[in-house]
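Right, one structure below, let's go through it.
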Amino acid sequence: MAPKYKLLSLYGLLLTALLSGCALPTRVDKPNMPALSPAALAGTEWVAFAIDGVPEVTTPKPRLHWVSADQVTGTGGCNSFRGSALLGGGTLRLGPLASTGRACLSMPGSQEDLYFKALELTHKARLERDQLLLLDDAGNVLARFLKAN
C-alpha cells in the first residue's frame with residue numbers, strides 16, 4: 001500500500017473512533033440514589049443550606065436530626081424543636097412539632113419562621129446525591145440539607 005493510502009486509512013480510522021465517542025446513548029440511566037427510609041435516616045443530622053423564601057441561609061443554620069426512625073429534633077437557629085416523623089410510601093409528614101418559645105431577635109418572616117413553615121408544609125422527601133430535599137405536595141423544593149455527620 002502506498003504511503004498516501006496508509007495515511008488516508010489512518011485518518012479514516014481516527015475519524016471513525018472520534019465520531020463513535022459522540023454517539024448519543026439509546027438509554028439514559030438514572031444514577032443510583034439511596035432509598036429514603038426511616039432506617040436510613042435514623043441517627044443522621046442535616047444542616048439546611050437553602051430554604052424557600054430565604055435569599056441566603058445564615059448562621060446559626062437550621063438543623064434537622066433524626067433521633068430514631070420516627071422522631072426528629074432540631075433547631076431553627078434560635079428555637080429548638082422535637083416531634084414525630086412519618087416516612088413511607090413516598091411521603092414524609094413532620095409533626096406535630098413542639099418548639100421552645102425563646103424571645104429571639106428576629107422579625108416575622110425571618111429565616112427561622114420560613115424554616116418552620118417549610119417543615120410544616122413538607123409532604124415528601126428525597127435524597128439527591130449528598131442532599132436531603134424536603135418537598136411540598138406538588139413536588140416543589142422547600143428546603144435543602146447537607147449531612148452534618
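The chains in the C-alpha cells are called A, B, ... from first to last as shown; in each chain the residues are counted from 1, and the ligands are counted from 1 in the order shown.
Taking only C-alpha atoms, the non-local environment of stretch 137-148 of chain A within 6 Å (same-chain residues fewer than 3 positions away omitted) comprises Glu45, Trp46, Val47, Ala48, Phe49, Ala50, Ile51, Asp52, Ala118, His123, Gln131, Leu132, Leu133 and Leu134 of chain A.
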Please produce a file of those selected residues containing C-alpha atoms, as a CSV table (one decimal), in the first residue's frame.
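Done, and the output landed in out-v2.csv:
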chain,number,residue,atom,x,y,z
A,45,GLU,CA,-28.3,15.0,61.3
A,46,TRP,CA,-28.7,17.5,58.5
A,47,VAL,CA,-27.9,21.2,58.1
A,48,ALA,CA,-30.0,23.5,56.0
A,49,PHE,CA,-28.3,25.4,53.3
A,50,ALA,CA,-31.3,26.5,51.2
A,51,ILE,CA,-34.8,27.4,52.4
A,52,ASP,CA,-37.7,28.5,50.2
A,118,ALA,CA,-41.1,24.6,55.3
A,123,HIS,CA,-45.3,16.2,52.3
A,131,GLN,CA,-28.5,16.3,49.8
A,132,LEU,CA,-31.8,15.7,51.6
A,133,LEU,CA,-34.7,17.6,50.0
A,134,LEU,CA,-37.9,18.4,51.7
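A straight line drawn from atom CA of A:Gly89 to atom CA of A:Leu36 is 10.1 Å long.
Excluding A:Gly95 and any residue on its chain fewer than 5 positions from it, the residues at most 10 Å away by only C-alpha atoms are Gln71, Val72, Arg82, Gly83, Ser84, Ala85, Leu86, Leu119, Glu120 and Thr122 of chain A.
When only C-alpha atoms are used to measure the gap to A:Tyr115, the shortest distance among A:Ala103, A:Leu127, A:Val57, A:Ala69 belongs to A:Val57.
Note that atom CA of A:Gly53 and atom CA of A:Pro38 are 27.8 Å apart.
Among the candidate residues A:Pro55, A:Gly90, A:Pro62, A:Gly43, the one lying nearest to A:Cys78 is A:Pro62, with distances computed using only C-alpha atoms.
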inquiry  = When DSSP is applied to the backbone of this structure, which of stretch 15-144 of chain A are assigned strand (DSSP E)? Write them out as a count of residues only.
reply    = 50
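Of the listed residues (A:Ala39, A:Glu128, A:Gly77, A:Asp113), A:Gly77 comes nearest to A:Thr58; the distances count only C-alpha atoms.
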request  = Fewer than 5 positions away in the same chain doesn't count, so skip those; otherwise give me all residues within 8 Å of A:Thr100, counting only C-alpha atoms, as a VMD selection string.
outcome  = chain A and resid 79 to 81
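Going from atom CA of A:Ala98 over to atom CA of A:His65, you cover 14.3 Å.
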